[in-house]
Amino acid sequence: MNKVILMGRLTRDPEVRYSQGDQPTAIARYTLAVDRRFRRDADQQTADFIGCVAFGRLAEFAEKYLRKGTKVVVTGRIQTGSYTNRDGQKVYTTDVVVEECEFAESKNSGGDSSGYVPADRPSPSSAAGDGFMNIPDGIDEELPFN
């Protein structure tokens, strides 16, 4: 089984290109900085920089919504490859082919101050002292379970 789950921040805006042909397909490339759990004394690096590539709708999603610093969770598979560069040297590559991509934090925690809260969602201040939201009286009939 070849499955990878990563959570990290984009190191720069995604680079998006479109394939040629009758039905052009979007191809997005970006790098995630993924924090390491543990730090060795001699090792100064605290993150790994992992190349990701997305195709089709996932690439269009990256082009439209992902920016430098955005924290995302990516699920995919590792794919290796190789090519010969202009100097005639063989170069080996390892990328994560993205199969799913989700935001890992809200837009507000990322520094955006738009303050948008959906109208049907109660504000966090309506939570009881135990951290759970208060349920109004008389709503029992509307709950899908009893």
# chains A, B, ... in the order shown; residues from 1 in each chain; ligands from 1
$ residues_around --residues "segment 44-61 of chain A" --least-positions-apart "5" --cutoff "8 Å" --atoms "only C-alpha atoms" --output "ChimeraX atom specification"
/A:16,25-36,39,66,94-101
$ write_last_selection --atoms "C-alpha atoms" --output "mmCIF file, in the first residue's frame"
data_model
loop_
_atom_site.group_PDB
_atom_site.id
_atom_site.type_symbol
_atom_site.label_atom_id
_atom_site.label_comp_id
_atom_site.auth_asym_id
_atom_site.auth_seq_id
_atom_site.Cartn_x
_atom_site.Cartn_y
_atom_site.Cartn_z
ATOM 1 C CA VAL A 16 0.201 25.821 -12.126
ATOM 2 C CA THR A 25 -5.468 19.423 -17.700
ATOM 3 C CA ALA A 26 -4.248 21.614 -14.855
ATOM 4 C CA ILE A 27 -1.037 20.490 -13.125
ATOM 5 C CA ALA A 28 -0.057 22.195 -9.862
ATOM 6 C CA ARG A 29 3.291 21.848 -8.117
ATOM 7 C CA TYR A 30 3.988 23.095 -4.621
ATOM 8 C CA THR A 31 6.191 22.337 -1.641
ATOM 9 C CA LEU A 32 4.962 21.684 1.878
ATOM 10 C CA ALA A 33 7.079 22.461 4.924
ATOM 11 C CA VAL A 34 6.215 19.660 7.349
ATOM 12 C CA ASP A 35 7.432 20.059 10.937
ATOM 13 C CA ARG A 36 9.405 17.197 12.427
ATOM 14 C CA ARG A 39 14.773 17.266 16.944
ATOM 15 C CA LEU A 66 -3.765 27.908 -1.867
ATOM 16 C CA THR A 94 10.290 11.855 -5.463
ATOM 17 C CA ASP A 95 6.917 13.600 -5.226
ATOM 18 C CA VAL A 96 3.626 13.132 -3.446
ATOM 19 C CA VAL A 97 0.794 12.822 -5.971
ATOM 20 C CA VAL A 98 -2.105 14.570 -4.258
ATOM 21 C CA GLU A 99 -5.381 12.629 -4.066
ATOM 22 C CA GLU A 100 -7.097 14.819 -1.417
ATOM 23 C CA CYS A 101 -6.385 18.279 -0.043
#
$ residues_around --residues "Tyr83 of chain A" --least-positions-apart "4" --cutoff "8 Å" --atoms "only C-alpha atoms" --output "list in words"
Lys90, Val91 and Tyr92 of chain A
$ atom_distance --atom1 "atom CA of Phe103 of chain A" --atom2 "atom CA of Gly76 of chain A"
15.0 Å
$ select_by_dssp --residues "segment 43-101 of chain A" --states "alpha helix (DSSP H)" --output "PyMOL selection string"
chain A and resi 57-65
